[in-house]
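Visitor: Just dropping this structure here.
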Amino acid sequence: MTEHGAAPVSGSPSGRRVYLDHNASSPLRPAAREAMIAAFEVAGNPSSVHAHGRAARALMEKARAEIAAVAGADPRGIVFTSGATEAIALALNPEVELAGRAKSCGVLLASAVEHPAVMKGHCFPSRYAIAVDVDGDGRIDLAALDASLKRHTAGGRRAMVALQLANNETGVVQPILEAARLARTYDGVVFCDAVQGAGRLALDLIAPHVDFMAVSAHKLGGPQGIGALIATHPDSRVPPLVPGGGQERGRRGGTENVAAIAGFGAAVSAARAVRAAEQMRIKELRDQFEREVLLRIPGVRVIAAKADRLANTSLIAFQGVRAETLVIALDLANLSVSAGAACSSGKVGASHVLAAMAVEPEWAGGAIRFSLGWSSTREDMEFAVDTLQRVVPQVRSRSTRAA
């Protein structure tokens with residue numbers, strides 16, 4: 001028996017392995033790899049004024065412009081960070097400036113399905129980091145948001161509203177424009193976790209309505225370990241988490257990771273060039289995959305199937321299995337996916353996203369996320385269906401015997 005009680009299953013008959021965990025990290029796009037290799041040949045520190053330093057700076061500013069073009073923002077508003085988690089931590093600060101004007105916030109209002117990096121609240125006191133209810137599809141309850149904004153504003157606390165563009169587990173797209181309009185009514189500040197939406201949705205349509213956005217390179221085919229906080233006005237800022245030598249216009253100290261930044265910019269440009277066609281292709285693959293799974297495997301449910309979702313994401317619940325056990329069994333069968341539950345250091349807890357959506361425990365406990373990306377193929381999805389049809393009954397049978 002393996003960890004969590006998953007007995008070994010036979011591997012792929014063809015010996016191939018399929019990766020369907022792009023929401024966790026997407027493989028590096030060729031354009032990003034090429035840009036990084038070229039950047040590794042540049043020796044200078046981007047803060048140096050000599051020719052080598054200027055060459056490194058040019059690579060970095062090219063990437064900044066590429067990201068700004070996708071986000072519909074001014075390049076001066078982009079702060080490079082070690083990833084989206086740092087960008088989120090940087091943004092969630094009560095002491096913000098919007099277009100050069102101080103706008104202190106006394107409360108953080110975030111949907112109950114936000115990523116844990118947002119739910120932590122960071123610089124906001126825990127009693128003023130408040131979760132706002134969502135509906136059965138995991139979309140923020142706008143009436144509840146309005147009531148919370150009204151209550152806290154009346155109490156003298158300006159609100160920062162934090163709302164993801166799309167959920168990392170379900171793929172459900174949030175009503176960010178409606179939520180932003182509500183926040184503006186109460187003179188609030190709007191932060192958008194755009195990590196899962198970048199490269200998949202049109203960020204430039206979102207940017208005019210929010211104050212800050214967080215993005216991450218490796219979700220769209222860039223390198224791991226690089227992200228950005230995007231201020232949609234170049235003179236909007238938050239206090240730095242990492243004071244230093246004045247890099248990033250004094251907003252994030254430390255020598256920038258030039259090669260990773262170059263790869264980030266190249267990946268963003270590559271994703272932008274093919275976004276509409278790529279997302280249409282991926283949606284067709286995802287939809288056909290869901291139809292086949294529902295047809296060929298009993299006791300299956302697609303979570304938030306009728307909601308507006310990212311084209312690449314499918315959260316499927318399997319009755320009669322534990323998600324972590326099925327993930328391990330599928331891994332042994334050469335299919336890489338992830339559980340709807342949050343796993344950390346070998347400990348498994350119920351998904352706060354599915355709990356907030358009031359998904360019944362017998363379904364939530366068997367939820368598996370399949371997330372496609374730029375490298376996914378029709379053959380991959382056929383392999384996934386065939387593997388599920390073979391493995392799910394085996395896992396169910398073992399679960400029944402163990403009970």
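By convention in this document, the chains of the structure tokens carry letters A, B, ... by their order, each chain's residues are numbered from 1, and ligands are numbered from 1 in the order they are shown.
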Find the residues around range 96-98 of chain A up to 8 Å (only C-alpha atoms counted), leave out those fewer than 5 positions away in its own chain, and share them as an mmCIF file with N, CA, C and O atoms, in the first residue's frame.
Guide:
```cif
data_model
loop_
_atom_site.group_PDB
_atom_site.id
_atom_site.type_symbol
_atom_site.label_atom_id
_atom_site.label_comp_id
_atom_site.auth_asym_id
_atom_site.auth_seq_id
_atom_site.Cartn_x
_atom_site.Cartn_y
_atom_site.Cartn_z
ATOM 1 N N LYS A 103 -4.813 56.627 0.608
ATOM 2 C CA LYS A 103 -6.147 56.063 0.827
ATOM 3 C C LYS A 103 -6.029 54.932 1.839
ATOM 4 O O LYS A 103 -5.955 53.756 1.471
ATOM 5 N N SER A 104 -5.982 55.274 3.098
ATOM 6 C CA SER A 104 -5.870 54.260 4.141
ATOM 7 C C SER A 104 -7.134 53.421 4.190
ATOM 8 O O SER A 104 -8.250 53.940 4.106
ATOM 9 N N CYS A 105 -6.948 52.116 4.338
ATOM 10 C CA CYS A 105 -8.074 51.179 4.395
ATOM 11 C C CYS A 105 -8.133 50.549 5.786
ATOM 12 O O CYS A 105 -7.099 50.153 6.344
ATOM 13 N N ASP A 211 -7.480 48.610 -8.994
ATOM 14 C CA ASP A 211 -6.314 49.419 -8.638
ATOM 15 C C ASP A 211 -5.009 48.635 -8.705
ATOM 16 O O ASP A 211 -3.974 49.169 -9.090
ATOM 17 N N HIS A 233 -2.447 52.481 -12.134
ATOM 18 C CA HIS A 233 -1.980 53.860 -12.317
ATOM 19 C C HIS A 233 -0.520 53.879 -11.897
ATOM 20 O O HIS A 233 -0.169 53.375 -10.829
ATOM 21 N N ASP A 235 1.363 55.921 -10.538
ATOM 22 C CA ASP A 235 1.692 56.572 -9.275
ATOM 23 C C ASP A 235 0.925 55.987 -8.096
ATOM 24 O O ASP A 235 0.869 56.596 -7.026
ATOM 25 N N SER A 236 0.326 54.815 -8.290
ATOM 26 C CA SER A 236 -0.274 54.092 -7.163
ATOM 27 C C SER A 236 0.799 53.197 -6.558
ATOM 28 O O SER A 236 1.594 52.597 -7.282
ATOM 29 N N ARG A 237 0.821 53.093 -5.235
ATOM 30 C CA ARG A 237 1.871 52.315 -4.603
ATOM 31 C C ARG A 237 1.440 51.867 -3.220
ATOM 32 O O ARG A 237 0.481 52.389 -2.643
ATOM 33 N N VAL A 238 2.156 50.879 -2.710
ATOM 34 C CA VAL A 238 1.989 50.403 -1.335
ATOM 35 C C VAL A 238 3.376 50.365 -0.706
ATOM 36 O O VAL A 238 4.387 50.313 -1.419
ATOM 37 N N PRO A 239 3.473 50.395 0.626
ATOM 38 C CA PRO A 239 4.796 50.347 1.261
ATOM 39 C C PRO A 239 5.528 49.065 0.884
ATOM 40 O O PRO A 239 4.923 47.996 0.799
#
```
Visitor: Any idea what's packed within 12 Å of His209 in chain A, counting only C-alpha atoms, ignoring anything in its chain fewer than 5 positions away? Could you give it as a PyMOL selection string?
Guide: chain A and resi 71-73+175-184+188-192+203-204+231-233
Visitor: Nearest residue to Ser399 in chain A out of A:Gly156, A:Pro243, A:Gly320, A:Gly136, using only C-alpha atoms?
Guide: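 Of all the options, A:Gly320 lies closest to Ser399 in chain A.
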Visitor: Could you list, as a list of chain:residue names, every residue within 7 Å of Gly138 in chain A, counting only C-alpha atoms and ignoring same-chain residues fewer than 2 positions away?
Guide: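 Counting only C-alpha atoms, the residues come to A:Val113, A:Val134, A:Asp135, A:Gly136, A:Ile140, A:Val172, A:Met357.
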Visitor: Quick one: contact table of range 196-238 of chain A to range 299-310 of chain A, 10 Å max, nearest atom pair and distance in Å to one decimal per residue, counting only C-alpha atoms, chain and number order, as a tab-separated table?
Guide:
```
residue	atom	partner	partner_atom	distance
A:Gln196	CA	A:Leu310	CA	8.4
A:Gly197	CA	A:Leu310	CA	7.6
A:Arg200	CA	A:Leu310	CA	7.3
A:Leu201	CA	A:Leu310	CA	8.0
```
Visitor: Can you write out the residues you just picked, keeping N, CA and C atoms, as an mmCIF file, in the first residue's frame?
Guide:
```
data_model
loop_
_atom_site.group_PDB
_atom_site.id
_atom_site.type_symbol
_atom_site.label_atom_id
_atom_site.label_comp_id
_atom_site.auth_asym_id
_atom_site.auth_seq_id
_atom_site.Cartn_x
_atom_site.Cartn_y
_atom_site.Cartn_z
ATOM 1 N N GLN A 196 -4.801 33.159 -12.212
ATOM 2 C CA GLN A 196 -5.327 32.125 -13.106
ATOM 3 C C GLN A 196 -5.901 32.706 -14.396
ATOM 4 N N GLY A 197 -6.256 33.978 -14.386
ATOM 5 C CA GLY A 197 -6.825 34.598 -15.581
ATOM 6 C C GLY A 197 -5.791 35.050 -16.590
ATOM 7 N N ARG A 200 -5.327 33.743 -20.181
ATOM 8 C CA ARG A 200 -6.565 33.033 -20.511
ATOM 9 C C ARG A 200 -7.744 33.976 -20.704
ATOM 10 N N LEU A 201 -7.718 35.110 -20.012
ATOM 11 C CA LEU A 201 -8.761 36.120 -20.115
ATOM 12 C C LEU A 201 -8.124 37.461 -20.477
#
```
Visitor: Would you mind telling me which residue in A:Arg251, A:Met160, A:Val258, A:Ala68 lies nearest to Ala55 in chain A when using only C-alpha atoms?
Guide: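 Using only C-alpha atoms, the shortest distance to Ala55 in chain A belongs to A:Val258.
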